[in-house]
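Novice: Below is the file target.txt, which contains compact mmCIF, C-alpha atoms.
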# COMPACT_ATOMS: atom_id res chain seq x y z
CA MET A 1 26.50 -16.40 18.23
CA VAL A 2 24.90 -18.02 21.27
CA LYS A 3 26.85 -15.72 23.62
CA ILE A 4 25.70 -12.62 21.73
CA GLU A 5 22.10 -13.78 21.83
CA GLN A 6 22.31 -14.35 25.59
CA ASP A 7 23.82 -10.88 26.16
CA ILE A 8 21.06 -9.23 24.14
CA LEU A 9 18.30 -11.18 25.88
CA GLY A 10 19.91 -10.62 29.31
CA LYS A 11 19.94 -6.83 28.82
CA ASN A 12 16.42 -6.93 27.47
CA ASP A 13 15.24 -8.78 30.56
CA GLN A 14 16.68 -6.06 32.83
CA TYR A 15 14.74 -3.39 30.94
CA ALA A 16 11.65 -5.61 30.97
CA ALA A 17 11.90 -5.94 34.77
CA ALA A 18 12.08 -2.14 35.10
CA ASN A 19 9.00 -1.78 32.86
CA ARG A 20 7.16 -4.43 34.87
CA GLN A 21 7.92 -2.60 38.11
CA ARG A 22 6.61 0.67 36.70
CA PHE A 23 3.45 -1.08 35.46
CA ALA A 24 2.91 -2.62 38.92
CA GLU A 25 3.42 0.71 40.74
CA GLN A 26 0.89 2.46 38.52
CA ALA A 27 -1.52 -0.50 38.16
CA ILE A 28 -1.02 -0.46 34.39
CA PHE A 29 -2.19 -3.71 32.81
CA THR A 30 -0.09 -4.34 29.71
CA LEU A 31 -0.86 -6.69 26.82
CA ASN A 32 1.70 -7.42 24.09
CA LEU A 33 -0.19 -8.17 20.85
CA VAL A 34 1.78 -10.42 18.49
CA SER A 35 0.93 -11.87 15.08
CA SER A 36 1.87 -12.13 11.41
CA PRO A 37 1.50 -9.03 9.27
CA GLY A 38 -2.10 -8.74 8.16
CA SER A 39 -3.77 -10.81 10.89
CA GLY A 40 -5.95 -7.84 11.76
CA LYS A 41 -4.15 -6.72 14.95
CA THR A 42 -4.81 -3.03 14.34
CA THR A 43 -8.47 -3.61 13.51
CA VAL A 44 -8.93 -5.71 16.67
CA LEU A 45 -7.26 -2.95 18.62
CA THR A 46 -9.19 0.00 17.18
CA ARG A 47 -12.52 -1.75 17.78
CA THR A 48 -11.45 -2.67 21.32
CA LEU A 49 -10.46 0.93 22.06
CA GLN A 50 -13.79 2.22 20.77
CA ASP A 51 -15.79 -0.31 22.76
CA LEU A 52 -13.87 0.06 26.07
CA ASN A 53 -13.61 3.85 25.79
CA GLY A 54 -15.06 5.45 28.94
CA GLU A 55 -14.97 2.21 30.91
CA ILE A 56 -11.18 1.89 31.42
CA PRO A 57 -8.32 4.35 30.72
CA LEU A 58 -6.54 3.10 27.58
CA ALA A 59 -3.17 3.74 25.92
CA VAL A 60 -1.28 2.24 22.99
CA ILE A 61 2.31 1.70 21.87
CA GLU A 62 2.49 0.90 18.16
CA GLY A 63 5.45 -0.97 16.64
CA ASP A 64 6.15 -1.07 12.91
CA GLN A 65 9.24 -1.21 10.72
CA GLN A 66 8.13 1.98 8.97
CA THR A 67 5.22 4.46 8.82
CA SER A 68 3.02 5.89 11.54
CA ARG A 69 -0.21 4.77 9.84
CA ASP A 70 -1.23 2.52 12.71
CA ALA A 71 -0.70 5.19 15.39
CA GLU A 72 -2.88 7.51 13.30
CA ARG A 73 -5.64 4.87 13.09
CA ILE A 74 -5.37 4.43 16.87
CA ARG A 75 -5.42 8.14 17.71
CA ALA A 76 -8.59 8.48 15.64
CA THR A 77 -10.31 6.42 18.38
CA GLY A 78 -9.32 9.04 20.96
CA ALA A 79 -6.79 6.84 22.78
CA PRO A 80 -3.30 8.24 23.37
CA ALA A 81 -0.79 6.41 21.15
CA ILE A 82 2.89 6.54 20.38
CA GLN A 83 4.62 4.93 17.39
CA ILE A 84 7.98 3.15 17.49
CA ASN A 85 9.58 2.54 14.08
CA THR A 86 12.06 -0.33 14.29
CA GLY A 87 13.69 0.33 10.90
CA LYS A 88 15.50 -2.91 10.01
CA GLY A 89 14.42 -4.48 13.31
CA CYS A 90 11.92 -7.32 13.42
CA HIS A 91 10.58 -6.82 16.96
CA LEU A 92 10.17 -4.31 19.78
CA ASP A 93 12.50 -4.61 22.76
CA ALA A 94 12.00 -3.62 26.39
CA HIS A 95 14.36 -0.63 26.14
CA MET A 96 12.37 0.96 23.30
CA VAL A 97 9.16 0.28 25.20
CA GLY A 98 10.56 1.89 28.38
CA HIS A 99 11.24 5.12 26.48
CA ALA A 100 7.81 5.00 24.85
CA VAL A 101 6.09 4.50 28.21
CA ALA A 102 7.98 7.49 29.63
CA SER A 103 6.77 9.69 26.75
CA LEU A 104 3.24 8.33 26.68
CA ALA A 105 2.80 8.40 30.48
CA PRO A 106 -0.38 6.28 30.63
CA GLU A 107 -2.65 7.21 33.51
CA THR A 108 -2.78 5.05 36.62
CA GLY A 109 -5.02 2.04 36.16
CA SER A 110 -4.74 2.04 32.36
CA VAL A 111 -4.84 -0.90 30.04
CA LEU A 112 -1.76 -0.45 27.83
CA PHE A 113 -1.79 -2.31 24.52
CA ILE A 114 1.57 -2.83 22.81
CA GLU A 115 1.12 -3.75 19.16
CA ASN A 116 4.34 -5.50 18.20
CA VAL A 117 5.87 -5.63 14.72
CA GLY A 118 3.97 -8.12 12.54
CA ASN A 119 6.21 -11.17 12.86
CA LEU A 120 5.60 -14.69 14.19
CA VAL A 121 9.26 -15.36 15.05
CA CYS A 122 11.28 -12.53 16.59
CA PRO A 123 8.88 -10.97 19.14
CA ALA A 124 8.49 -14.35 20.90
CA ALA A 125 11.87 -14.11 22.66
CA PHE A 126 11.59 -10.51 23.89
CA ASP A 127 9.81 -9.83 27.16
CA LEU A 128 8.59 -6.22 27.19
CA GLY A 129 7.42 -6.31 30.83
CA GLU A 130 3.86 -7.13 29.75
CA ALA A 131 1.34 -9.10 31.82
CA HIS A 132 0.52 -11.36 28.86
CA LYS A 133 1.33 -11.92 25.22
CA VAL A 134 -1.83 -12.22 23.12
CA ALA A 135 -1.33 -13.98 19.77
CA ILE A 136 -3.71 -13.07 16.95
CA LEU A 137 -4.08 -15.53 14.09
CA SER A 138 -6.35 -14.91 11.13
CA VAL A 139 -8.26 -17.92 9.82
CA THR A 140 -7.03 -16.97 6.33
CA GLU A 141 -3.49 -17.97 7.41
CA GLY A 142 -4.03 -21.74 7.68
CA GLU A 143 -4.49 -23.95 10.74
CA ASP A 144 -0.89 -25.21 10.92
CA LYS A 145 0.73 -21.92 12.01
CA PRO A 146 0.95 -22.83 15.74
CA ILE A 147 3.18 -25.84 15.04
CA LYS A 148 5.23 -24.06 12.36
CA TYR A 149 5.94 -21.08 14.66
CA PRO A 150 5.78 -22.83 18.03
CA ASP A 151 7.82 -20.33 20.10
CA MET A 152 5.21 -17.64 19.62
CA PHE A 153 2.21 -19.78 20.50
CA HIS A 154 4.13 -21.22 23.44
CA ALA A 155 4.83 -17.68 24.73
CA ALA A 156 1.22 -16.48 24.44
CA ASN A 157 -1.46 -16.87 27.12
CA LEU A 158 -4.36 -16.16 24.79
CA LEU A 159 -4.96 -16.89 21.11
CA LEU A 160 -7.48 -14.69 19.31
CA LEU A 161 -8.61 -16.54 16.20
CA ASN A 162 -9.65 -13.60 14.04
CA LYS A 163 -11.64 -13.02 10.80
CA ILE A 164 -14.05 -15.88 11.56
CA ASP A 165 -16.61 -14.07 9.36
CA LEU A 166 -14.54 -15.41 6.41
CA LEU A 167 -14.82 -19.09 7.46
CA PRO A 168 -17.61 -19.85 4.93
CA TYR A 169 -15.23 -18.94 2.07
CA LEU A 170 -12.17 -20.82 3.32
CA GLN A 171 -10.99 -24.34 3.99
CA PHE A 172 -9.98 -23.86 7.61
CA ASP A 173 -10.55 -26.40 10.35
CA VAL A 174 -10.98 -24.46 13.62
CA GLU A 175 -10.76 -27.52 15.87
CA ARG A 176 -7.57 -28.67 14.17
CA CYS A 177 -6.00 -25.24 14.63
CA ILE A 178 -6.89 -25.19 18.35
CA ASP A 179 -5.50 -28.72 18.68
CA PHE A 180 -2.21 -27.58 17.11
CA ALA A 181 -2.04 -24.57 19.45
CA ARG A 182 -2.59 -26.80 22.50
CA ARG A 183 0.17 -29.17 21.37
CA VAL A 184 2.74 -26.38 21.75
CA ASN A 185 0.95 -24.76 24.71
CA PRO A 186 -1.59 -26.91 26.61
CA GLN A 187 -2.63 -23.90 28.77
CA ILE A 188 -3.39 -21.45 25.97
CA GLU A 189 -6.87 -19.96 25.99
CA VAL A 190 -8.59 -19.50 22.62
CA LEU A 191 -11.31 -17.05 21.61
CA GLN A 192 -12.90 -16.94 18.16
CA ILE A 193 -13.57 -13.40 17.01
CA SER A 194 -14.20 -11.15 14.05
CA ALA A 195 -13.10 -7.58 14.63
CA SER A 196 -14.93 -6.73 11.44
CA SER A 197 -18.36 -8.24 12.23
CA GLY A 198 -17.97 -7.90 16.02
CA GLU A 199 -18.62 -11.58 16.70
CA GLY A 200 -16.86 -12.82 19.86
CA MET A 201 -15.55 -9.38 20.83
CA GLN A 202 -17.55 -9.30 24.09
CA GLN A 203 -15.72 -12.46 25.27
CA TRP A 204 -12.40 -10.75 24.49
CA TYR A 205 -13.40 -7.70 26.56
CA GLN A 206 -14.48 -10.00 29.38
CA TRP A 207 -11.08 -11.74 29.20
CA ILE A 208 -9.35 -8.32 29.50
CA ARG A 209 -11.47 -7.33 32.51
CA SER A 210 -10.84 -10.62 34.35
CA ALA A 211 -7.11 -10.77 33.55
CA ARG A 212 -6.71 -7.14 34.63
CA GLU A 213 -8.41 -7.81 37.97
CA GLN A 214 -6.26 -10.87 38.60
CA CYS A 215 -3.13 -8.91 37.76
CA HIS A 216 -3.80 -6.20 40.33
CA ALA A 217 -5.40 -8.42 42.95
CA MET B 1 25.60 -4.00 16.96
CA VAL B 2 26.23 -2.48 13.54
CA LYS B 3 29.64 -4.20 13.28
CA ILE B 4 28.15 -7.61 14.14
CA GLU B 5 25.40 -7.15 11.57
CA GLN B 6 27.97 -6.27 8.89
CA ASP B 7 30.09 -9.34 9.73
CA ILE B 8 27.08 -11.63 9.50
CA LEU B 9 25.89 -10.12 6.23
CA GLY B 10 29.46 -10.13 4.81
CA LYS B 11 29.87 -13.85 5.48
CA ASN B 12 26.41 -14.52 4.10
CA ASP B 13 27.29 -12.70 0.90
CA GLN B 14 30.37 -14.93 0.41
CA TYR B 15 28.21 -18.05 0.68
CA ALA B 16 25.59 -16.47 -1.59
CA ALA B 17 28.26 -15.80 -4.23
CA ALA B 18 29.33 -19.47 -4.07
CA ASN B 19 25.70 -20.59 -4.46
CA ARG B 20 25.23 -18.21 -7.40
CA GLN B 21 28.29 -19.61 -9.13
CA ARG B 22 27.02 -23.17 -8.74
CA PHE B 23 23.59 -22.13 -10.06
CA ALA B 24 25.24 -20.48 -13.10
CA GLU B 25 27.44 -23.49 -13.85
CA GLN B 26 24.48 -25.85 -13.78
CA ALA B 27 21.95 -23.45 -15.35
CA ILE B 28 19.78 -23.66 -12.22
CA PHE B 29 17.26 -20.81 -12.08
CA THR B 30 16.56 -20.04 -8.43
CA LEU B 31 13.62 -18.10 -6.99
CA ASN B 32 13.48 -17.09 -3.31
CA LEU B 33 9.81 -16.97 -2.24
CA VAL B 34 9.22 -14.56 0.64
CA SER B 35 6.06 -13.55 2.49
CA SER B 36 4.20 -13.39 5.80
CA PRO B 37 3.11 -16.64 7.37
CA GLY B 38 -0.17 -17.71 5.78
CA SER B 39 0.07 -15.79 2.49
CA GLY B 40 -0.35 -19.06 0.61
CA LYS B 41 3.30 -19.57 -0.45
CA THR B 42 3.13 -23.36 -0.16
CA THR B 43 -0.17 -23.56 -2.04
CA VAL B 44 1.21 -21.34 -4.84
CA LEU B 45 4.25 -23.58 -4.96
CA THR B 46 2.47 -26.95 -4.97
CA ARG B 47 0.14 -25.83 -7.79
CA THR B 48 3.11 -24.45 -9.74
CA LEU B 49 5.00 -27.73 -9.35
CA GLN B 50 1.99 -29.73 -10.53
CA ASP B 51 1.41 -27.50 -13.54
CA LEU B 52 5.08 -27.25 -14.66
CA ASN B 53 5.82 -30.93 -14.00
CA GLY B 54 7.19 -32.54 -17.18
CA GLU B 55 7.97 -29.20 -18.82
CA ILE B 56 10.96 -28.12 -16.66
CA PRO B 57 13.00 -30.03 -14.05
CA LEU B 58 11.94 -28.72 -10.64
CA ALA B 59 13.36 -28.81 -7.10
CA VAL B 60 12.45 -27.20 -3.77
CA ILE B 61 14.18 -26.07 -0.59
CA GLU B 62 11.66 -25.52 2.22
CA GLY B 63 12.41 -23.24 5.16
CA ASP B 64 10.39 -23.29 8.39
CA GLN B 65 11.11 -22.74 12.06
CA GLN B 66 9.76 -26.20 12.85
CA THR B 67 8.04 -29.18 11.19
CA SER B 68 8.55 -30.80 7.80
CA ARG B 69 4.89 -30.43 6.82
CA ASP B 70 5.66 -28.24 3.84
CA ALA B 71 8.35 -30.55 2.42
CA GLU B 72 5.81 -33.38 2.68
CA ARG B 73 3.20 -31.33 0.77
CA ILE B 74 5.84 -30.58 -1.86
CA ARG B 75 7.08 -34.16 -2.25
CA ALA B 76 3.47 -35.26 -2.81
CA THR B 77 3.70 -33.36 -6.14
CA GLY B 78 6.65 -35.55 -7.19
CA ALA B 79 9.25 -32.75 -6.99
CA PRO B 80 12.42 -33.41 -4.98
CA ALA B 81 12.36 -31.32 -1.80
CA ILE B 82 14.51 -30.80 1.26
CA GLN B 83 13.44 -29.12 4.51
CA ILE B 84 15.58 -26.73 6.55
CA ASN B 85 14.32 -26.08 10.08
CA THR B 86 15.70 -22.79 11.38
CA GLY B 87 14.72 -23.39 15.04
CA LYS B 88 14.82 -19.94 16.66
CA GLY B 89 15.96 -18.36 13.37
CA CYS B 90 13.69 -16.02 11.42
CA HIS B 91 15.18 -16.53 7.94
CA LEU B 92 17.27 -18.86 5.77
CA ASP B 93 20.88 -17.88 5.12
CA ALA B 94 23.14 -18.68 2.19
CA HIS B 95 25.24 -21.16 4.18
CA MET B 96 22.21 -23.33 5.05
CA VAL B 97 21.04 -23.13 1.44
CA GLY B 98 24.50 -24.19 0.17
CA HIS B 99 24.32 -27.36 2.25
CA ALA B 100 20.74 -28.03 1.15
CA VAL B 101 21.66 -27.62 -2.53
CA ALA B 102 24.56 -30.08 -2.09
CA SER B 103 22.17 -32.68 -0.60
CA LEU B 104 19.33 -32.02 -3.01
CA ALA B 105 21.60 -31.91 -6.12
CA PRO B 106 18.99 -30.42 -8.50
CA GLU B 107 19.47 -31.55 -12.09
CA THR B 108 21.07 -29.22 -14.64
CA GLY B 109 18.57 -26.74 -16.03
CA SER B 110 16.22 -26.95 -13.03
CA VAL B 111 14.03 -24.27 -11.60
CA LEU B 112 14.84 -24.30 -7.87
CA PHE B 113 12.25 -22.73 -5.59
CA ILE B 114 13.40 -21.70 -2.12
CA GLU B 115 10.45 -21.17 0.21
CA ASN B 116 11.80 -18.92 2.94
CA VAL B 117 10.53 -18.74 6.54
CA GLY B 118 7.24 -16.83 6.67
CA ASN B 119 8.48 -13.39 7.71
CA LEU B 120 8.27 -9.96 6.06
CA VAL B 121 11.35 -8.55 7.83
CA CYS B 122 14.37 -10.81 8.26
CA PRO B 123 14.66 -12.60 4.89
CA ALA B 124 14.90 -9.25 3.07
CA ALA B 125 18.55 -8.70 4.07
CA PHE B 126 19.85 -12.20 3.23
CA ASP B 127 20.92 -12.96 -0.33
CA LEU B 128 20.75 -16.73 -0.90
CA GLY B 129 22.32 -16.59 -4.35
CA GLU B 130 18.91 -16.55 -6.04
CA ALA B 131 18.11 -14.94 -9.39
CA HIS B 132 15.10 -13.11 -7.92
CA LYS B 133 13.13 -12.68 -4.74
CA VAL B 134 9.40 -13.14 -5.32
CA ALA B 135 7.17 -11.58 -2.64
CA ILE B 136 3.75 -13.12 -2.09
CA LEU B 137 1.08 -11.00 -0.42
CA SER B 138 -2.40 -12.25 0.28
CA VAL B 139 -5.24 -9.77 -0.25
CA THR B 140 -6.50 -10.72 3.22
CA GLU B 141 -3.44 -8.99 4.72
CA GLY B 142 -4.37 -5.38 3.88
CA GLU B 143 -3.05 -3.07 1.16
CA ASP B 144 -0.58 -1.15 3.33
CA LYS B 145 1.93 -3.97 3.87
CA PRO B 146 4.43 -2.77 1.20
CA ILE B 147 4.97 0.54 2.98
CA LYS B 148 4.98 -1.00 6.46
CA TYR B 149 7.60 -3.61 5.47
CA PRO B 150 9.43 -1.68 2.74
CA ASP B 151 12.74 -3.59 2.75
CA MET B 152 11.07 -6.76 1.57
CA PHE B 153 9.10 -5.15 -1.24
CA HIS B 154 12.19 -3.18 -2.24
CA ALA B 155 14.22 -6.41 -2.45
CA ALA B 156 11.66 -8.29 -4.59
CA ASN B 157 11.45 -8.23 -8.39
CA LEU B 158 7.95 -9.65 -8.55
CA LEU B 159 4.91 -9.32 -6.31
CA LEU B 160 2.32 -12.07 -6.49
CA LEU B 161 -0.93 -10.72 -5.09
CA ASN B 162 -2.57 -13.96 -3.96
CA LYS B 163 -6.06 -15.13 -2.88
CA ILE B 164 -7.83 -12.73 -5.27
CA ASP B 165 -10.80 -15.16 -5.22
CA LEU B 166 -11.54 -13.67 -1.76
CA LEU B 167 -11.73 -10.05 -3.00
CA PRO B 168 -15.58 -10.02 -3.07
CA TYR B 169 -15.63 -10.66 0.71
CA LEU B 170 -12.94 -8.15 1.70
CA GLN B 171 -12.32 -4.43 1.73
CA PHE B 172 -9.06 -4.45 -0.21
CA ASP B 173 -8.12 -1.86 -2.82
CA VAL B 174 -5.88 -3.61 -5.37
CA GLU B 175 -4.78 -0.40 -7.11
CA ARG B 176 -3.86 1.21 -3.82
CA CYS B 177 -1.77 -1.82 -2.84
CA ILE B 178 0.10 -1.75 -6.17
CA ASP B 179 0.65 1.98 -5.77
CA PHE B 180 2.16 1.38 -2.29
CA ALA B 181 4.43 -1.37 -3.68
CA ARG B 182 5.67 0.93 -6.47
CA ARG B 183 6.42 3.70 -3.96
CA VAL B 184 9.06 1.49 -2.32
CA ASN B 185 10.07 -0.22 -5.57
CA PRO B 186 9.11 1.53 -8.84
CA GLN B 187 10.38 -1.45 -10.91
CA ILE B 188 8.42 -4.18 -9.15
CA GLU B 189 6.22 -6.32 -11.41
CA VAL B 190 2.82 -7.34 -10.03
CA LEU B 191 0.66 -10.33 -10.94
CA GLN B 192 -2.76 -10.99 -9.44
CA ILE B 193 -3.35 -14.68 -8.79
CA SER B 194 -5.37 -17.22 -6.86
CA ALA B 195 -3.51 -20.46 -6.28
CA SER B 196 -6.79 -21.88 -5.07
CA SER B 197 -9.00 -21.01 -8.08
CA GLY B 198 -6.12 -20.99 -10.59
CA GLU B 199 -6.83 -17.45 -11.82
CA GLY B 200 -3.70 -15.67 -13.06
CA MET B 201 -1.44 -18.71 -12.63
CA GLN B 202 -0.66 -18.92 -16.39
CA GLN B 203 0.84 -15.41 -16.27
CA TRP B 204 3.03 -16.48 -13.35
CA TYR B 205 4.27 -19.52 -15.29
CA GLN B 206 4.96 -17.27 -18.28
CA TRP B 207 6.93 -14.94 -16.00
CA ILE B 208 9.03 -17.92 -14.79
CA ARG B 209 9.73 -19.08 -18.38
CA SER B 210 10.79 -15.59 -19.54
CA ALA B 211 12.90 -14.79 -16.47
CA ARG B 212 14.60 -18.20 -16.72
CA GLU B 213 15.49 -17.63 -20.39
CA GLN B 214 16.86 -14.16 -19.62
CA CYS B 215 18.91 -15.54 -16.74
CA HIS B 216 20.68 -18.15 -18.89
CA ALA B 217 20.90 -16.07 -22.10
Step by step, read the file and then write its structure as structure tokens.
Specialist:
Amino acid sequence: MVKIEQDILGKNDQYAAANRQRFAEQAIFTLNLVSSPGSGKTTVLTRTLQDLNGEIPLAVIEGDQQTSRDAERIRATGAPAIQINTGKGCHLDAHMVGHAVASLAPETGSVLFIENVGNLVCPAAFDLGEAHKVAILSVTEGEDKPIKYPDMFHAANLLLLNKIDLLPYLQFDVERCIDFARRVNPQIEVLQISASSGEGMQQWYQWIRSAREQCHA
Amino acid sequence: MVKIEQDILGKNDQYAAANRQRFAEQAIFTLNLVSSPGSGKTTVLTRTLQDLNGEIPLAVIEGDQQTSRDAERIRATGAPAIQINTGKGCHLDAHMVGHAVASLAPETGSVLFIENVGNLVCPAAFDLGEAHKVAILSVTEGEDKPIKYPDMFHAANLLLLNKIDLLPYLQFDVERCIDFARRVNPQIEVLQISASSGEGMQQWYQWIRSAREQCHA
């Protein structure tokens, strides 16, 4: 089993390297959004697309087991989007993403968001050629998720703590959650946001702008 | 890849059959609880254990990538519990569960709850020898999850729609969610509960009692 896993990851890494080269050549800044189902990834993304529209060229690759509902929500914002259905698969891989990028053909200088399949385990191991993984965790999910699913929070550079508008109705200790995240990843940055109320979204956009500049510097 | 998947599932099914035989011989009624991370599985389970304590012998197998936090929460209720850490793995399999059952040795006539790894994809394909899969979906996750992760909702006999105490603060259409669940599984039963407020929990206990009687009739 270990040999098979290494073969799969080795092939994936070759495709990821090809994607990364393409992104570098075309100055495409790619973020791989990872989370549980229902953390609000698509809502974060649609609001982000609306708010950054006109400022930066944007494009989206949507991953789901089934349905093209998310790509439809994304296209309604005006951003070009392509859907990958993984069927039985629990994550996107770099080969699928390479094909999607070829079809989508994001313009030079774009920010490309890849919304992975909702899953806190499988997408952690698969490099898609992205600049950063961004983990989204809803405060409705409980503060212990970073230590229960450590690979994902270790792999991410940024944690968006979403749905903070619901904090008054929940027992959720924000500081404890951040402490857990830093135990598995001392370098992780954390932003508290609500894609629904808009709170904290400006800091997220500022993070995108800075990280994009650093990437192409 | 297809051949490997079939081999893995074929072996799993042999272990699942052995588990099922043991459960039948000892009149152990086994429920496999499946959901996203953060749906409230452990809270549903701890309240259930407290409320059924004394009425039925109870036992728990806890699955998580890392940590034994959940087993500790469970043991605090007085129920015997054993933790399986799957490491990089995204689901429990029947072989792991067989070993856990041997160590845990639930008493004859028990209800055995298996709390799977929080994941709406991988656990769907793996029979553990259980009587039923019970899917838990929190109303904070959005009503479209059954059609985005159809294998899981197709595999489950019961859907517990959890955290309904939060409905006043969310945009979540309960009827629409149930309609989506029935599209992928017309036979699925649905109960609306809040493990935090206690609403609907009596119907869940009644479902357990009836399903247990039918299983051993």
Novice: Give me, as a PyMOL selection string, the contact residues of chain B against chain A at a cut-off of 10 Å, counting all atoms listed in the file.
Specialist: chain B and resi 1+4+8+35-40+64-70+85+87-91+117-122+124-125+137-151+163+165-166+169-170
Novice: List as a list in words the protein and nucleic acid residues near segment 20-25 of chain B, meaning an atom at most 6 Å away when only C-alpha atoms are counted, but skip any in the same chain fewer than 3 places from it.
Specialist: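 Once the adjacent positions are removed, what remains is Ala17, Ile28 and Gly129 of chain B.
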Novice: Starting from the point (4.2, -3.2, 19.0), work out which residues of protein, DNA or RNA have an atom no more than 9 Å away when counting only C-alpha atoms; state them as a PyMOL selection string.
Specialist: chain A and resi 32-34+60-64+83-84+91-92+97+113-118
Novice: Hey, can you check how far atom CA of Phe126 of chain A sits from atom CA of Asn157 of chain A?
Specialist: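 Atom CA of Phe126 of chain A sits 14.9 Å away from atom CA of Asn157 of chain A.
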Novice: One decimal, Å: what's the distance from atom CA of Gln171 of chain B over to atom CA of Ile193 of chain B, could you say?
Specialist: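 Separation between atom CA of Gln171 of chain B and atom CA of Ile193 of chain B: 17.2 Å.
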Novice: With distances taken over all atoms listed in the file, which residue among B:Ala76, B:Leu58, B:Val184, B:Ala155 lies nearest Ser110 of chain B?
Specialist: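 So, comparing all the options, the nearest one is B:Leu58.
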Novice: So that I can see what lies close to Ala94 of chain A, please list as a list of chain:residue names the residues with an atom at most 9 Å from it, counting all atoms listed in the file and leaving out residues fewer than 2 positions away in the same chain.
Specialist: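 So the residues in contact are A:Lys11, A:Asn12, A:Asp13, A:Gln14, A:Tyr15, A:Ala16, A:Ala17, A:Ala18, A:Asn19, A:Leu92, A:Met96, A:Val97, A:Gly98, A:His99, A:Phe126, A:Asp127, A:Leu128, A:Gly129.
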Novice: Please measure the separation of atom CA of Ser210 of chain A and atom CA of Asp93 of chain A, giving the value in Å to one decimal.
Specialist: 26.7 Å
